[in-house]
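J.: Handing you this structure, nothing more for now.
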Amino acid sequence: MSKLNKKVAVITGGNSGIGFGIAKEFKKEGAVGAIVGRNQKTLDKAVAELGDDFIAIKADVTNLDDLGRVFKATYEKFGKIDVIVANAGGAVTGAAFGTVAEVGEADFDKTIDLNLKSIYFTVNKGLAYMNDGGSIVLLGSNAAHRAYPSFTLYGATKAAVIHFAKGFSNDLLGRKIRVNVISPGTTDTPVFDKFVPEEQLEAVKKYWSDVMPIGRIGQPSEIGRAAVFLASDDSAFMLGAELLVDGGLTYLQPK
């Protein structure tokens with residue numbers, strides 16, 4: 001299996017959850033590159049499992065200087081960059097979820113910074129180091145399509161990311177860089193641990209499994225295989241497109 005043989009990838013948020021699932025699937029397909037995250041402990045653990053073909057870079061994707069350093073270091077190590085996976089995002093530590101009546105400016109800004117601004121500038125800062133003809137994969141969410149309670153702002157940022165895939169592709173036609181987006185549904189990642197007490201964890205996962213048309217929640221490896229497809233030449237005729245990898249939750253009637 002070598003759909004990404006010797007391609008150099010930068011995967012933000014690649015130290016855990018969906019990002020690590022993507023990194024592992026990329027490695028299986030022959031890719032090398034860098035995983036990026038804020039937690040040194042999980043970075044060290046992830047890169048130890050990935051092996052010598054990957055480096056770990058501690059960085060904050062909401063910090064533009066950090067992003068510039070990520071791409072410079074990756075380019076200096078590997079001599080090129082073929083794929084960017086802008087995965088970092090999701091639940092913001094310390095930011096409140098809620099309705100439009102409840103979320104104030106500070107939490108608004110934190111959510112926008114992590115889930116929208118960081119995506120834009122990951123691409124913006126990476127382009128100077130990226131090969132023409134490369135592939136960029138963004139991570140959206142099925143929350144862009146469904147109005148979940150208290151997720152109005154989060155869903156809006158992910159809807160904007162889906163538009164970014166279209167707009168960026170149009171902007172980069174001259175360089176033949178394709179930009180596409182994966183929108184996962186509920187996936188089995190450590191994010192559950194941030195919001196759900198340990199004694200309720202299995203019950204919450206069972207709830208979502210019961211709701212999903214497919215009868216279970218997703219696995220990071222399944223999002224990873226979709227990312228391999230979008231990063232590889234198998235998707236050469238796709239640009240500005242969205243893959244919904246959500247167990248049918250968006251398009252089918254929930255159970």
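In the structure tokens, chains take the letters A, B, ... in the order shown, each chain's residues start at 1, and ligands count up from 1 in the order shown.
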Report as a PyMOL selection string all protein, DNA and RNA residues lying within 10 Å of stretch 162-176 of chain A, evaluated on only C-alpha atoms, omitting residues in the same chain fewer than 2 positions from it.
T.: chain A and resi 116+119-120+123-124+127+130-141+144+156-160+178-183+238-243
J.: Would you mind listing what lies within 10 Å of A:Asn5 as a list in words, with only C-alpha atoms counted and same-chain residues fewer than 5 positions away left out?
T.: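 In the requested form, the answer reads Phe26, Lys27, Lys28, Glu29, Gly30, Ala31, Val32 and Ser232 of chain A.
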J.: Residues as selected, C-alpha atoms, written as a CSV table (one decimal), in the first residue's frame, can you do that?
T.:
```
chain,number,residue,atom,x,y,z
A,26,PHE,CA,-0.9,8.3,6.2
A,27,LYS,CA,2.1,6.3,7.5
A,28,LYS,CA,0.5,3.1,6.3
A,29,GLU,CA,0.4,4.5,2.8
A,30,GLY,CA,4.0,5.6,2.8
A,31,ALA,CA,3.8,9.3,3.9
A,32,VAL,CA,6.3,11.1,6.1
A,232,SER,CA,-3.8,11.0,-2.9
```
J.: Can you pull out every residue within 8 Å of A:Gly248, counting only C-alpha atoms, but drop anything in the same chain fewer than 3 positions away, and send it as a count of residues only?
T.: 6
J.: Counting only C-alpha atoms, what is within 10 Å of A:Gly13, bar same-chain residues fewer than 5 positions away, as a PDB file with C-alpha atoms, in the first residue's frame?
T.:
```pdb
ATOM      1  CA  ILE A  18      -8.861  12.217  14.559  1.00  0.00           C
ATOM      2  CA  GLY A  19      -5.531  13.861  13.726  1.00  0.00           C
ATOM      3  CA  PHE A  20      -3.553  10.918  15.051  1.00  0.00           C
ATOM      4  CA  ILE A  22      -5.061  10.457  10.016  1.00  0.00           C
ATOM      5  CA  ALA A  23      -1.327  10.344  10.740  1.00  0.00           C
ATOM      6  CA  ILE A  35       2.475  16.163  13.427  1.00  0.00           C
ATOM      7  CA  VAL A  36       1.638  19.354  15.287  1.00  0.00           C
ATOM      8  CA  GLY A  37       0.059  19.854  18.693  1.00  0.00           C
ATOM      9  CA  ARG A  38       0.191  21.796  21.942  1.00  0.00           C
ATOM     10  CA  ASN A  39       0.697  18.921  24.379  1.00  0.00           C
ATOM     11  CA  LEU A  43       3.203  14.551  20.872  1.00  0.00           C
ATOM     12  CA  LYS A  58       4.901  21.700  19.564  1.00  0.00           C
ATOM     13  CA  ALA A  59       2.942  24.705  18.356  1.00  0.00           C
ATOM     14  CA  ASP A  60      -0.277  26.650  18.836  1.00  0.00           C
ATOM     15  CA  VAL A  61      -2.209  26.876  15.560  1.00  0.00           C
ATOM     16  CA  VAL A  85      -4.127  18.504   6.798  1.00  0.00           C
ATOM     17  CA  ALA A  86      -5.709  21.363   8.748  1.00  0.00           C
ATOM     18  CA  ASN A  87      -7.271  19.229  11.441  1.00  0.00           C
ATOM     19  CA  ALA A  88      -6.652  21.158  14.680  1.00  0.00           C
ATOM     20  CA  GLY A  89      -9.854  22.551  16.122  1.00  0.00           C
TER      21      GLY A  89
END
```
J.: Using backbone DSSP assignments, extract all strand (DSSP E or B) residues from stretch 35-144 of chain A; output them as number ranges by chain.
T.: A: 35-37, 54-58, 83-86, 135-139
J.: Using DSSP secondary structure from the backbone, list all alpha helix (DSSP H) positions within stretch 44-229 of chain A, as an MDAnalysis selection string.
T.: chainID A and resid 44:50 64:78 105:112 118:126 152:171 191:195 201:211 220:229
J.: Nearest to A:Gly79 among A:Gln40, A:Asp210, A:His145, A:Val8, with distances taken over only C-alpha atoms: which residue is it?
T.: A:Val8
J.: Just the residues within 6 Å of stretch 149-151 of chain A, please, counting only C-alpha atoms, with nothing from its chain fewer than 3 positions along; format it as a ChimeraX atom specification.
T.: /A:97-99,154-155
J.: Using the selection just defined, write its residues with C-alpha atoms as an mmCIF file, in the first residue's frame.
T.:
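Saved to out00.cif:
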```
data_model
loop_
_atom_site.group_PDB
_atom_site.id
_atom_site.type_symbol
_atom_site.label_atom_id
_atom_site.label_comp_id
_atom_site.auth_asym_id
_atom_site.auth_seq_id
_atom_site.Cartn_x
_atom_site.Cartn_y
_atom_site.Cartn_z
ATOM 1 C CA PHE A 97 -20.824 26.387 24.629
ATOM 2 C CA GLY A 98 -24.312 27.815 24.564
ATOM 3 C CA THR A 99 -27.013 29.685 22.729
ATOM 4 C CA TYR A 154 -19.188 25.880 16.477
ATOM 5 C CA GLY A 155 -21.438 24.780 13.602
#
```
J.: Work out how far atom CA of A:Asp109 is from atom CA of A:Val10, in Å to one decimal.
T.: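 Going from atom CA of A:Val10 over to atom CA of A:Asp109 covers 25.5 Å.
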J.: Any idea what's packed within 10 Å of A:Tyr129, counting only C-alpha atoms, ignoring anything in its chain fewer than 2 positions away? Could you give it as a list in words?
T.: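 Residues meeting the cut-off are Gly68, Phe71, Lys72, Thr74, Tyr75, Glu76, Gly79, Lys80, Ile81, Asp82, Lys125, Gly126, Leu127, Asn131 and Asp132 of chain A.
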J.: Measuring atom to atom with only C-alpha atoms, identify which of A:Asp233, A:Glu102, A:Asp246, A:Glu202 is nearest to A:Thr187.
T.: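 The closest residue to A:Thr187 is A:Asp246.
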